[in-house]
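Chemist: This is start-v1.cif, which holds mmCIF, C-alpha atoms and all ligand atoms:
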data_target
loop_
_atom_site.group_PDB
_atom_site.id
_atom_site.type_symbol
_atom_site.label_atom_id
_atom_site.label_comp_id
_atom_site.auth_asym_id
_atom_site.auth_seq_id
_atom_site.Cartn_x
_atom_site.Cartn_y
_atom_site.Cartn_z
ATOM 1 C CA MET A 1 103.084 -18.789 80.171
ATOM 2 C CA THR A 2 103.366 -20.436 83.583
ATOM 3 C CA THR A 3 102.167 -18.890 86.852
ATOM 4 C CA LYS A 4 105.807 -18.770 88.005
ATOM 5 C CA ASP A 5 106.528 -16.317 85.192
ATOM 6 C CA VAL A 6 103.885 -13.831 86.288
ATOM 7 C CA VAL A 7 103.618 -11.587 89.335
ATOM 8 C CA THR A 8 100.099 -10.341 90.069
ATOM 9 C CA LEU A 9 99.169 -7.382 92.269
ATOM 10 C CA GLU A 10 95.552 -7.026 93.338
ATOM 11 C CA ARG A 11 93.301 -4.573 95.161
ATOM 12 C CA SER A 12 89.833 -5.138 96.539
ATOM 13 C CA ASP A 13 88.283 -2.591 94.129
ATOM 14 C CA ASN A 14 88.558 -4.942 91.119
ATOM 15 C CA SER A 15 91.971 -3.522 90.190
ATOM 16 C CA SER A 16 95.024 -5.605 89.376
ATOM 17 C CA CYS A 17 98.193 -5.663 87.347
ATOM 18 C CA LYS A 18 100.306 -8.461 85.930
ATOM 19 C CA ILE A 19 104.033 -8.354 85.328
ATOM 20 C CA HIS A 20 105.895 -11.007 83.346
ATOM 21 C CA VAL A 21 109.390 -11.732 84.656
ATOM 22 C CA PHE A 22 110.576 -11.704 81.028
ATOM 23 C CA GLY A 23 111.668 -8.102 80.716
ATOM 24 C CA ALA A 24 109.797 -7.325 83.968
ATOM 25 C CA THR A 25 107.126 -6.321 81.460
ATOM 26 C CA LEU A 26 103.859 -5.171 82.963
ATOM 27 C CA TYR A 27 101.296 -6.453 80.436
ATOM 28 C CA SER A 28 97.955 -5.813 82.138
ATOM 29 C CA TRP A 29 96.596 -3.081 84.379
ATOM 30 C CA ILE A 30 92.922 -3.378 85.174
ATOM 31 C CA ASN A 31 91.646 -0.320 87.007
ATOM 32 C CA LYS A 32 88.223 -0.825 88.607
ATOM 33 C CA GLY A 33 87.317 -3.437 86.002
ATOM 34 C CA GLU A 34 88.728 -1.572 82.960
ATOM 35 C CA GLU A 35 91.883 -2.777 81.145
ATOM 36 C CA MET A 36 94.023 0.301 80.538
ATOM 37 C CA ILE A 37 96.989 -1.335 78.758
ATOM 38 C CA PHE A 38 97.312 -2.581 75.189
ATOM 39 C CA VAL A 39 98.938 -5.906 74.334
ATOM 40 C CA SER A 40 98.801 -7.259 70.819
ATOM 41 C CA SER A 41 96.869 -10.483 70.306
ATOM 42 C CA LYS A 42 99.880 -11.515 68.190
ATOM 43 C CA SER A 43 102.441 -10.872 70.927
ATOM 44 C CA HIS A 44 104.792 -13.755 71.608
ATOM 45 C CA PHE A 45 104.995 -14.782 75.233
ATOM 46 C CA ASP A 46 107.835 -17.175 74.457
ATOM 47 C CA LYS A 47 110.642 -15.523 76.466
ATOM 48 C CA LYS A 48 112.544 -14.914 73.242
ATOM 49 C CA LYS A 49 111.013 -11.828 71.684
ATOM 50 C CA ALA A 50 110.005 -8.709 73.617
ATOM 51 C CA ILE A 51 106.345 -8.620 74.622
ATOM 52 C CA ARG A 52 104.458 -6.470 72.093
ATOM 53 C CA GLY A 53 102.556 -4.204 74.407
ATOM 54 C CA GLY A 54 102.362 -3.396 78.091
ATOM 55 C CA ILE A 55 105.276 -1.425 79.507
ATOM 56 C CA PRO A 56 108.530 -2.881 78.174
ATOM 57 C CA ILE A 57 111.652 -1.437 79.826
ATOM 58 C CA VAL A 58 114.157 0.012 77.381
ATOM 59 C CA PHE A 59 117.767 -0.142 78.691
ATOM 60 C CA PRO A 60 120.683 0.496 78.137
ATOM 61 C CA ASN A 61 119.896 1.928 74.712
ATOM 62 C CA PHE A 62 116.823 3.448 73.110
ATOM 63 C CA GLY A 63 116.549 2.629 69.393
ATOM 64 C CA PRO A 64 118.991 0.775 67.152
ATOM 65 C CA TRP A 65 122.222 -0.129 68.889
ATOM 66 C CA ASP A 66 125.659 -1.169 67.604
ATOM 67 C CA LEU A 67 126.316 -3.534 70.494
ATOM 68 C CA GLY A 68 123.054 -5.444 70.674
ATOM 69 C CA PRO A 69 119.346 -5.546 69.852
ATOM 70 C CA GLN A 70 117.112 -2.487 69.293
ATOM 71 C CA HIS A 71 116.062 -0.918 72.638
ATOM 72 C CA GLY A 72 118.749 -2.848 74.556
ATOM 73 C CA PHE A 73 118.475 -6.068 76.499
ATOM 74 C CA ALA A 74 116.420 -5.304 79.628
ATOM 75 C CA ARG A 75 113.151 -6.176 77.867
ATOM 76 C CA ILE A 76 114.431 -9.559 76.702
ATOM 77 C CA MET A 77 116.092 -10.827 79.875
ATOM 78 C CA SER A 78 114.400 -12.735 82.688
ATOM 79 C CA TRP A 79 114.443 -10.610 85.835
ATOM 80 C CA ASN A 80 114.441 -11.916 89.397
ATOM 81 C CA SER A 81 111.359 -11.081 91.400
ATOM 82 C CA THR A 82 110.869 -10.949 95.134
ATOM 83 C CA GLU A 83 107.675 -11.755 97.058
ATOM 84 C CA VAL A 84 104.784 -9.344 96.615
ATOM 85 C CA SER A 85 104.889 -6.887 99.517
ATOM 86 C CA LYS A 86 103.194 -3.633 100.622
ATOM 87 C CA ASP A 87 104.391 -0.054 100.598
ATOM 88 C CA GLU A 88 104.068 2.210 103.678
ATOM 89 C CA SER A 89 100.396 2.867 102.812
ATOM 90 C CA SER A 90 99.596 -0.846 102.367
ATOM 91 C CA ASN A 91 99.472 -0.708 98.571
ATOM 92 C CA PRO A 92 100.646 -3.946 96.938
ATOM 93 C CA MET A 93 104.047 -3.729 95.308
ATOM 94 C CA ALA A 94 106.512 -5.987 93.508
ATOM 95 C CA VAL A 95 110.259 -5.626 93.110
ATOM 96 C CA PHE A 96 112.321 -6.977 90.192
ATOM 97 C CA ASN A 97 116.098 -7.108 89.820
ATOM 98 C CA LEU A 98 118.511 -7.568 86.952
ATOM 99 C CA SER A 99 122.317 -7.520 87.045
ATOM 100 C CA ASP A 100 124.907 -8.163 84.366
ATOM 101 C CA THR A 101 125.156 -11.720 83.138
ATOM 102 C CA GLU A 102 127.278 -13.580 80.596
ATOM 103 C CA GLU A 103 124.725 -12.544 77.975
ATOM 104 C CA THR A 104 124.730 -8.829 78.797
ATOM 105 C CA ARG A 105 128.530 -8.845 79.012
ATOM 106 C CA LYS A 106 128.739 -10.127 75.461
ATOM 107 C CA MET A 107 126.736 -7.087 74.325
ATOM 108 C CA TRP A 108 127.765 -4.314 76.639
ATOM 109 C CA ASN A 109 131.390 -3.856 77.413
ATOM 110 C CA PHE A 110 133.404 -0.798 78.221
ATOM 111 C CA ARG A 111 135.506 0.380 75.312
ATOM 112 C CA HIS A 112 135.760 -3.284 74.446
ATOM 113 C CA VAL A 113 138.213 -3.937 77.275
ATOM 114 C CA SER A 114 135.952 -5.007 80.107
ATOM 115 C CA TRP A 115 132.241 -5.463 80.767
ATOM 116 C CA ILE A 116 129.966 -3.136 82.636
ATOM 117 C CA THR A 117 128.755 -4.066 86.079
ATOM 118 C CA PHE A 118 125.325 -2.690 86.938
ATOM 119 C CA GLN A 119 122.272 -3.390 89.091
ATOM 120 C CA LEU A 120 118.744 -2.618 87.918
ATOM 121 C CA THR A 121 115.737 -2.503 90.224
ATOM 122 C CA TYR A 122 112.172 -2.039 89.048
ATOM 123 C CA ILE A 123 109.391 -1.411 91.542
ATOM 124 C CA VAL A 124 105.734 -1.618 90.547
ATOM 125 C CA THR A 125 103.121 -0.323 93.000
ATOM 126 C CA LEU A 126 99.363 -0.599 92.488
ATOM 127 C CA LEU A 127 97.500 2.293 94.124
ATOM 128 C CA GLU A 128 93.880 3.360 93.984
ATOM 129 C CA ASP A 129 93.247 4.553 90.384
ATOM 130 C CA SER A 130 96.979 4.645 89.863
ATOM 131 C CA LEU A 131 100.052 2.639 88.898
ATOM 132 C CA LYS A 132 103.589 3.611 89.900
ATOM 133 C CA THR A 133 106.722 2.288 88.196
ATOM 134 C CA ASP A 134 110.182 3.188 89.513
ATOM 135 C CA PHE A 135 113.249 2.249 87.478
ATOM 136 C CA ILE A 136 116.565 2.356 89.335
ATOM 137 C CA VAL A 137 120.065 1.941 87.898
ATOM 138 C CA LYS A 138 123.059 1.536 90.158
ATOM 139 C CA ASN A 139 126.563 1.777 88.748
ATOM 140 C CA VAL A 140 128.508 -0.761 90.773
ATOM 141 C CA ASP A 141 131.490 -0.469 88.461
ATOM 142 C CA ASP A 142 134.660 1.513 89.099
ATOM 143 C CA LYS A 143 134.212 3.453 85.851
ATOM 144 C CA GLN A 144 131.420 5.763 84.709
ATOM 145 C CA LEU A 145 128.367 4.374 82.983
ATOM 146 C CA GLY A 146 126.303 6.039 80.261
ATOM 147 C CA PHE A 147 122.905 4.786 79.094
ATOM 148 C CA THR A 148 119.513 5.773 77.769
ATOM 149 C CA CYS A 149 116.304 4.283 79.172
ATOM 150 C CA LEU A 150 112.557 4.466 78.716
ATOM 151 C CA LEU A 151 109.265 3.068 79.988
ATOM 152 C CA HIS A 152 107.567 2.101 76.723
ATOM 153 C CA ASN A 153 103.895 2.555 77.699
ATOM 154 C CA TYR A 154 101.324 1.054 75.318
ATOM 155 C CA PHE A 155 97.898 2.497 76.188
ATOM 156 C CA LYS A 156 94.688 0.794 75.158
ATOM 157 C CA VAL A 157 92.333 3.219 73.410
ATOM 158 C CA PRO A 158 88.946 2.753 71.746
ATOM 159 C CA ASP A 159 89.895 4.959 68.753
ATOM 160 C CA VAL A 160 93.367 6.468 68.465
ATOM 161 C CA THR A 161 92.132 9.335 66.272
ATOM 162 C CA LYS A 162 90.065 10.639 69.225
ATOM 163 C CA VAL A 163 92.937 10.655 71.748
ATOM 164 C CA THR A 164 94.595 13.938 72.736
ATOM 165 C CA VAL A 165 97.966 14.347 74.463
ATOM 166 C CA SER A 166 98.722 17.530 76.396
ATOM 167 C CA GLY A 167 101.972 19.124 77.507
ATOM 168 C CA LEU A 168 103.872 19.102 74.203
ATOM 169 C CA ASN A 169 103.048 22.514 72.689
ATOM 170 C CA GLY A 170 106.105 24.641 71.886
ATOM 171 C CA LEU A 171 108.567 21.780 72.438
ATOM 172 C CA ARG A 172 111.315 20.576 70.116
ATOM 173 C CA TYR A 173 110.967 17.067 68.760
ATOM 174 C CA LYS A 174 112.889 14.692 66.549
ATOM 175 C CA ASP A 175 110.569 13.275 63.910
ATOM 176 C CA LYS A 176 111.663 9.736 63.024
ATOM 177 C CA VAL A 177 108.974 9.575 60.322
ATOM 178 C CA ARG A 178 110.603 12.575 58.590
ATOM 179 C CA GLY A 179 114.207 11.379 58.557
ATOM 180 C CA GLY A 180 115.015 12.326 62.143
ATOM 181 C CA GLU A 181 114.731 16.074 61.480
ATOM 182 C CA MET A 182 113.960 18.442 64.360
ATOM 183 C CA PHE A 183 110.647 20.359 64.489
ATOM 184 C CA THR A 184 108.750 22.500 66.999
ATOM 185 C CA GLU A 185 105.306 21.354 68.107
ATOM 186 C CA ASN A 186 102.669 24.010 67.509
ATOM 187 C CA GLY A 187 99.518 22.208 68.546
ATOM 188 C CA GLU A 188 98.010 22.769 71.979
ATOM 189 C CA LEU A 189 97.066 19.069 71.991
ATOM 190 C CA VAL A 190 98.734 16.370 69.916
ATOM 191 C CA THR A 191 96.383 14.095 67.965
ATOM 192 C CA VAL A 192 97.188 11.112 65.759
ATOM 193 C CA SER A 193 95.831 10.300 62.301
ATOM 194 C CA GLU A 194 98.848 8.695 60.612
ATOM 195 C CA ASN A 195 102.162 6.990 61.404
ATOM 196 C CA ILE A 196 103.748 8.971 64.220
ATOM 197 C CA ASP A 197 107.178 8.459 65.814
ATOM 198 C CA ARG A 198 108.421 11.535 67.653
ATOM 199 C CA ILE A 199 110.892 12.142 70.438
ATOM 200 C CA TYR A 200 109.849 15.286 72.334
ATOM 201 C CA GLN A 201 112.661 16.750 74.409
ATOM 202 C CA ASP A 202 112.588 18.421 77.823
ATOM 203 C CA THR A 203 108.930 17.695 78.359
ATOM 204 C CA PRO A 204 107.038 18.776 81.494
ATOM 205 C CA SER A 205 106.480 16.400 84.401
ATOM 206 C CA GLU A 206 102.839 15.841 83.400
ATOM 207 C CA HIS A 207 100.894 14.818 80.291
ATOM 208 C CA ILE A 208 97.154 14.229 80.142
ATOM 209 C CA LEU A 209 95.826 11.676 77.664
ATOM 210 C CA LYS A 210 92.109 11.994 76.976
ATOM 211 C CA GLN A 211 89.764 9.389 75.476
ATOM 212 C CA VAL A 212 91.713 6.302 76.513
ATOM 213 C CA ALA A 213 90.149 3.009 77.654
ATOM 214 C CA GLY A 214 86.601 3.344 78.982
ATOM 215 C CA GLY A 215 86.516 6.969 77.793
ATOM 216 C CA CYS A 216 88.749 7.857 80.782
ATOM 217 C CA SER A 217 91.735 10.168 80.927
ATOM 218 C CA ILE A 218 95.187 9.116 82.109
ATOM 219 C CA VAL A 219 97.583 11.535 83.755
ATOM 220 C CA ILE A 220 101.246 10.611 83.295
ATOM 221 C CA THR A 221 103.403 12.145 86.028
ATOM 222 C CA LYS A 222 107.128 11.568 85.669
ATOM 223 C CA THR A 223 110.401 12.422 87.359
ATOM 224 C CA GLU A 224 113.938 12.152 85.950
ATOM 225 C CA LEU A 225 112.434 11.047 82.645
ATOM 226 C CA PRO A 226 112.839 14.287 80.671
ATOM 227 C CA ASP A 227 111.725 13.076 77.214
ATOM 228 C CA THR A 228 108.446 11.791 75.807
ATOM 229 C CA VAL A 229 108.085 9.523 72.769
ATOM 230 C CA VAL A 230 104.774 9.322 70.905
ATOM 231 C CA TRP A 231 104.400 6.332 68.571
ATOM 232 C CA ASN A 232 101.751 4.604 66.523
ATOM 233 C CA PRO A 233 102.901 2.426 63.590
ATOM 234 C CA TRP A 234 99.700 2.971 61.549
ATOM 235 C CA LYS A 235 98.468 0.606 58.862
ATOM 236 C CA GLU A 236 101.493 -0.100 56.679
ATOM 237 C CA ASN A 237 104.038 -0.552 59.470
ATOM 238 C CA ALA A 238 101.560 -2.592 61.522
ATOM 239 C CA ALA A 239 101.212 -4.996 58.602
ATOM 240 C CA SER A 240 104.984 -5.437 58.461
ATOM 241 C CA MET A 241 105.253 -6.430 62.141
ATOM 242 C CA SER A 242 104.816 -10.162 62.729
ATOM 243 C CA ASP A 243 103.863 -9.693 66.383
ATOM 244 C CA PHE A 244 101.249 -6.980 65.844
ATOM 245 C CA GLY A 245 97.755 -7.545 64.389
ATOM 246 C CA ASP A 246 97.146 -5.771 61.070
ATOM 247 C CA ASP A 247 93.999 -4.090 62.400
ATOM 248 C CA GLU A 248 95.176 -3.304 65.932
ATOM 249 C CA TYR A 249 96.829 0.075 65.364
ATOM 250 C CA PRO A 250 93.631 2.123 65.978
ATOM 251 C CA GLN A 251 93.356 0.507 69.445
ATOM 252 C CA MET A 252 96.693 1.664 70.867
ATOM 253 C CA LEU A 253 98.902 4.649 71.447
ATOM 254 C CA CYS A 254 102.395 4.637 72.896
ATOM 255 C CA VAL A 255 103.254 7.644 75.031
ATOM 256 C CA GLU A 256 106.612 6.715 76.505
ATOM 257 C CA ALA A 257 108.557 8.362 79.309
ATOM 258 C CA GLY A 258 112.318 8.254 78.937
ATOM 259 C CA PHE A 259 115.802 9.606 79.270
ATOM 260 C CA VAL A 260 116.666 9.295 75.607
ATOM 261 C CA ALA A 261 117.596 12.586 73.924
ATOM 262 C CA LYS A 262 120.988 12.357 75.579
ATOM 263 C CA GLN A 263 122.695 9.783 77.787
ATOM 264 C CA LYS A 264 122.403 9.666 81.535
ATOM 265 C CA VAL A 265 125.908 9.280 82.930
ATOM 266 C CA LEU A 266 126.519 7.782 86.366
ATOM 267 C CA ALA A 267 129.799 7.987 88.226
ATOM 268 C CA SER A 268 131.057 4.902 90.000
ATOM 269 C CA ASP A 269 128.672 3.945 92.836
ATOM 270 C CA GLU A 270 126.088 6.517 91.722
ATOM 271 C CA LYS A 271 122.375 5.700 91.489
ATOM 272 C CA TYR A 272 119.641 6.937 89.151
ATOM 273 C CA MET A 273 115.871 6.635 89.569
ATOM 274 C CA GLY A 274 113.372 7.424 86.808
ATOM 275 C CA SER A 275 109.743 7.201 87.957
ATOM 276 C CA GLN A 276 106.343 7.508 86.452
ATOM 277 C CA ARG A 277 102.865 7.409 87.856
ATOM 278 C CA LEU A 278 99.808 6.747 85.711
ATOM 279 C CA THR A 279 96.550 7.968 87.202
ATOM 280 C CA VAL A 280 93.086 7.277 85.823
ATOM 281 C CA LYS A 281 90.532 10.085 85.915
ATOM 282 C CA GLN A 282 86.967 9.074 85.239
ATOM 283 C CA VAL A 283 85.195 11.521 82.956
ATOM 284 C CA VAL A 284 81.802 12.462 84.373
HETATM 285 O O1 LIG B 301 109.516 -2.709 67.399
HETATM 286 P P1 LIG B 301 110.193 -2.225 68.678
HETATM 287 O O2 LIG B 301 111.666 -2.524 68.689
HETATM 288 O O3 LIG B 301 109.506 -2.722 69.881
HETATM 289 O O4 LIG B 301 110.062 -0.651 68.656
HETATM 290 C C1 LIG B 301 108.813 -0.037 68.629
HETATM 291 C C2 LIG B 301 108.957 1.476 68.559
HETATM 292 O O5 LIG B 301 109.546 1.937 69.767
HETATM 293 C C3 LIG B 301 109.664 3.367 69.904
HETATM 294 O O6 LIG B 301 108.431 3.952 70.062
HETATM 295 C C4 LIG B 301 110.428 3.959 68.740
HETATM 296 O O7 LIG B 301 110.387 5.377 68.759
HETATM 297 C C5 LIG B 301 109.920 3.456 67.423
HETATM 298 O O8 LIG B 301 110.788 3.896 66.364
HETATM 299 C C6 LIG B 301 109.824 1.946 67.398
HETATM 300 O O9 LIG B 301 109.301 1.506 66.166
#
Produce structure tokens that represent the structure in this file.
Modeler:
Amino acid sequence: MTTKDVVTLERSDNSSCKIHVFGATLYSWINKGEEMIFVSSKSHFDKKKAIRGGIPIVFPNFGPWDLGPQHGFARIMSWNSTEVSKDESSNPMAVFNLSDTEETRKMWNFRHVSWITFQLTYIVTLLEDSLKTDFIVKNVDDKQLGFTCLLHNYFKVPDVTKVTVSGLNGLRYKDKVRGGEMFTENGELVTVSENIDRIYQDTPSEHILKQVAGGCSIVITKTELPDTVVWNPWKENAASMSDFGDDEYPQMLCVEAGFVAKQKVLASDEKYMGSQRLTVKQVV
């Protein structure tokens, strides 16, 4: 990894985040000295395979895809980055851009007659106790564009069995561990003690995760990202992944914010922005 590949945002309160231009993948967020984000010690940083951890960006397809690799191409393309700047409240921010290239055109064409022209912008802002990520898609084509997208958050946790996730009770979810069947959540808080891979639909704008890094809580606040995926591979699946340590699964939980249960469709010239904010609450 060279310094040119990494954009770093810093605050004076011992907080920082690092974003790799490969996939515009944020792979570290230290909040007041505490790393909040999980990255596997086995992750490749070779600009070939997606980074295993952090916040990979899933676009233009969540899951297996006929036209290209699982979870699309945004996480395996090198994005352009601009100089680190400040938002209106002087918080450090970084902007990344990705447009269609020869490579994306090979994978993503429109009814196999012409490629799709798009512009992606990703804005990362480091605030006090908080990290904001805005994902923007602009359809610069003359035909409509349909896609799914997701911010694939990997949270670092001391013990995944102690973590609770709020805001899912009563919601419908697709359970990928049980053949993709639909179920209704009946727990006030979701906890994890085995392989979990669920797509919760029409979730509220806020989830609270308790017992994450440093014993803190994280509040996920999201807009235009109506679905929430909860994933932990557990022992057997972890062992089958070459870029994930066999014993690392208790130290992570993915709670992902996305537009995945159905496609987002943009008319020509239309813009979409899906945003999330992660806020750390110290437990006193
Ligand atoms: O191994 P990856 O392609 O990075 O996917 C990792 C995981 O992403 C999501 O959470 C999906 O719901 C899972 O089914 C998938 O296993």
Chemist: Just want the residues within 6 Å of ligand LIG 301 (chain B), written as a VMD selection string, counting only C-alpha atoms and all ligand atoms.
Modeler: chain A and resid 70 197 231
Chemist: Starting from the displayed file, determine the output of the PyMOL selection byres (((chain A and resi 205-220) around 7) and not hetatm) and express the residue list as a compact mmCIF listing (two decimals) with C-alpha atoms, in the frame of the given file.
Modeler:
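As written to disk, out-v7.txt reads:
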# COMPACT_ATOMS: atom_id res chain seq x y z
CA GLU A 34 88.73 -1.57 82.96
CA GLU A 35 91.88 -2.78 81.14
CA MET A 36 94.02 0.30 80.54
CA LYS A 156 94.69 0.79 75.16
CA VAL A 157 92.33 3.22 73.41
CA PRO A 158 88.95 2.75 71.75
CA LYS A 162 90.06 10.64 69.22
CA VAL A 163 92.94 10.66 71.75
CA THR A 164 94.60 13.94 72.74
CA VAL A 165 97.97 14.35 74.46
CA SER A 166 98.72 17.53 76.40
CA GLY A 167 101.97 19.12 77.51
CA THR A 203 108.93 17.70 78.36
CA PRO A 204 107.04 18.78 81.49
CA THR A 221 103.40 12.14 86.03
CA LYS A 222 107.13 11.57 85.67
CA THR A 223 110.40 12.42 87.36
CA GLN A 276 106.34 7.51 86.45
CA ARG A 277 102.86 7.41 87.86
CA LEU A 278 99.81 6.75 85.71
CA THR A 279 96.55 7.97 87.20
CA VAL A 280 93.09 7.28 85.82
CA LYS A 281 90.53 10.09 85.92
CA GLN A 282 86.97 9.07 85.24
CA VAL A 283 85.20 11.52 82.96
Chemist: Go through A:Asn169, A:Asn153, A:Ser99, A:Asn31 one by one, measure the shortest atom-to-atom distance of each to A:Ile57 using only C-alpha atoms, and give the residue with the smallest value.
Modeler: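 Of the candidates, the smallest distance to A:Ile57 is held by A:Asn153.
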Chemist: Suppose a student applies the PyMOL selection byres (((chain A and resi 123) around 12) and not hetatm) to this structure; what residues should they get, written as a VMD selection string?
Modeler: chain A and resid 7 9 19 24 to 26 57 79 to 87 92 to 98 120 to 122 124 to 126 131 to 137 273 to 277
Chemist: Go ahead and dump the residues you just picked, C-alpha atoms, as a tab-separated table (two decimals), in the coordinates of the input.
Modeler:
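The resulting part14.tsv:
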chain	number	residue	atom	x	y	z
A	7	VAL	CA	103.62	-11.59	89.34
A	9	LEU	CA	99.17	-7.38	92.27
A	19	ILE	CA	104.03	-8.35	85.33
A	24	ALA	CA	109.80	-7.32	83.97
A	25	THR	CA	107.13	-6.32	81.46
A	26	LEU	CA	103.86	-5.17	82.96
A	57	ILE	CA	111.65	-1.44	79.83
A	79	TRP	CA	114.44	-10.61	85.84
A	80	ASN	CA	114.44	-11.92	89.40
A	81	SER	CA	111.36	-11.08	91.40
A	82	THR	CA	110.87	-10.95	95.13
A	83	GLU	CA	107.68	-11.76	97.06
A	84	VAL	CA	104.78	-9.34	96.62
A	85	SER	CA	104.89	-6.89	99.52
A	86	LYS	CA	103.19	-3.63	100.62
A	87	ASP	CA	104.39	-0.05	100.60
A	92	PRO	CA	100.65	-3.95	96.94
A	93	MET	CA	104.05	-3.73	95.31
A	94	ALA	CA	106.51	-5.99	93.51
A	95	VAL	CA	110.26	-5.63	93.11
A	96	PHE	CA	112.32	-6.98	90.19
A	97	ASN	CA	116.10	-7.11	89.82
A	98	LEU	CA	118.51	-7.57	86.95
A	120	LEU	CA	118.74	-2.62	87.92
A	121	THR	CA	115.74	-2.50	90.22
A	122	TYR	CA	112.17	-2.04	89.05
A	124	VAL	CA	105.73	-1.62	90.55
A	125	THR	CA	103.12	-0.32	93.00
A	126	LEU	CA	99.36	-0.60	92.49
A	131	LEU	CA	100.05	2.64	88.90
A	132	LYS	CA	103.59	3.61	89.90
A	133	THR	CA	106.72	2.29	88.20
A	134	ASP	CA	110.18	3.19	89.51
A	135	PHE	CA	113.25	2.25	87.48
A	136	ILE	CA	116.56	2.36	89.34
A	137	VAL	CA	120.06	1.94	87.90
A	273	MET	CA	115.87	6.64	89.57
A	274	GLY	CA	113.37	7.42	86.81
A	275	SER	CA	109.74	7.20	87.96
A	276	GLN	CA	106.34	7.51	86.45
A	277	ARG	CA	102.86	7.41	87.86
Chemist: Hey, which of A:Arg75, A:Ser41, A:Ser242, A:Leu171 ends up closest to A:Gly187? Count all atoms listed in the file.
Modeler: A:Leu171
Chemist: Record the distance separating atom CA of A:Pro56 and atom CA of A:His44, expressed in Å with one decimal.
Modeler: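 Distance between the two atoms: 13.2 Å.
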Chemist: Show which residues sit within 10 Å of A:Gly54, as a PyMOL selection string. Count all atoms listed in the file, and ignore same-chain residues fewer than 5 positions away.
Modeler: chain A and resi 18-20+25-29+36-40+151-156+254
Chemist: Those same residues, written as a tab-separated table (two decimals), in the coordinates of the input with C-alpha atoms?
Modeler:
chain	number	residue	atom	x	y	z
A	18	LYS	CA	100.31	-8.46	85.93
A	19	ILE	CA	104.03	-8.35	85.33
A	20	HIS	CA	105.90	-11.01	83.35
A	25	THR	CA	107.13	-6.32	81.46
A	26	LEU	CA	103.86	-5.17	82.96
A	27	TYR	CA	101.30	-6.45	80.44
A	28	SER	CA	97.96	-5.81	82.14
A	29	TRP	CA	96.60	-3.08	84.38
A	36	MET	CA	94.02	0.30	80.54
A	37	ILE	CA	96.99	-1.34	78.76
A	38	PHE	CA	97.31	-2.58	75.19
A	39	VAL	CA	98.94	-5.91	74.33
A	40	SER	CA	98.80	-7.26	70.82
A	151	LEU	CA	109.26	3.07	79.99
A	152	HIS	CA	107.57	2.10	76.72
A	153	ASN	CA	103.90	2.56	77.70
A	154	TYR	CA	101.32	1.05	75.32
A	155	PHE	CA	97.90	2.50	76.19
A	156	LYS	CA	94.69	0.79	75.16
A	254	CYS	CA	102.40	4.64	72.90
Chemist: Using Å and a single decimal, report how far atom CA of A:Ser268 sits from atom CA of A:Asn139.
Modeler: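 A separation of 5.6 Å between them.
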Chemist: Work out how far apart atom CA of A:Ala74 and atom CA of A:Gly23 are and give it in Å to one decimal.
Modeler: 5.6 Å
Chemist: Evaluated on this file, the PyMOL selection byres (((chain A and resi 105) around 12) and not hetatm) picks out some residues - which ones are they, written as an MDAnalysis selection string?
Modeler: chainID A and resid 67:68 73 99:104 106:110 112:118
Chemist: Keeping only C-alpha atoms, write the selected residues as a short mmCIF file (atom, residue, chain, number, x, y, z; two decimals), in the frame of the given file.
Modeler:
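Generated file (out27.cif):
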data_model
loop_
_atom_site.label_atom_id
_atom_site.label_comp_id
_atom_site.auth_asym_id
_atom_site.auth_seq_id
_atom_site.Cartn_x
_atom_site.Cartn_y
_atom_site.Cartn_z
CA LEU A 67 126.32 -3.53 70.49
CA GLY A 68 123.05 -5.44 70.67
CA PHE A 73 118.48 -6.07 76.50
CA SER A 99 122.32 -7.52 87.04
CA ASP A 100 124.91 -8.16 84.37
CA THR A 101 125.16 -11.72 83.14
CA GLU A 102 127.28 -13.58 80.60
CA GLU A 103 124.72 -12.54 77.97
CA THR A 104 124.73 -8.83 78.80
CA LYS A 106 128.74 -10.13 75.46
CA MET A 107 126.74 -7.09 74.32
CA TRP A 108 127.76 -4.31 76.64
CA ASN A 109 131.39 -3.86 77.41
CA PHE A 110 133.40 -0.80 78.22
CA HIS A 112 135.76 -3.28 74.45
CA VAL A 113 138.21 -3.94 77.28
CA SER A 114 135.95 -5.01 80.11
CA TRP A 115 132.24 -5.46 80.77
CA ILE A 116 129.97 -3.14 82.64
CA THR A 117 128.76 -4.07 86.08
CA PHE A 118 125.32 -2.69 86.94
#
Chemist: Here is a test: counting all atoms listed in the file, which residue of A:Lys143, A:Pro60, A:Ile76, A:Ser43 is nearest to A:Val21?
Modeler: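 Selected residue with least distance to A:Val21: A:Ile76.
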Chemist: Which is closest to A:Glu256 among A:Ser193, A:Gln201, A:Gln119, A:Ser240, if we use only C-alpha atoms?
Modeler: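 For A:Glu256, the nearest of the candidates is A:Gln201.
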Chemist: Enclose all atoms of stretch 204-214 of chain A listed in the file in an axis-aligned box, grow every side by 6 Å, and hand back centre and edge lengths in Å to one decimal, as JSON.
Modeler:
{"center_x": 96.8, "center_y": 10.9, "center_z": 79.9, "size_x": 32.4, "size_y": 27.8, "size_z": 20.9}
Chemist: Given the choices A:Val140, A:Ile30, A:Val190, A:Leu150, which gets closest to A:Phe259 if the distance is worked out from only C-alpha atoms?
Modeler: A:Leu150
Chemist: Return the single residue from A:Asn14, A:Arg178, A:Arg172, A:Thr184 that is closest to A:Tyr200, with distances computed using all atoms listed in the file.
Modeler: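 Result for the nearest residue to A:Tyr200: A:Arg172.
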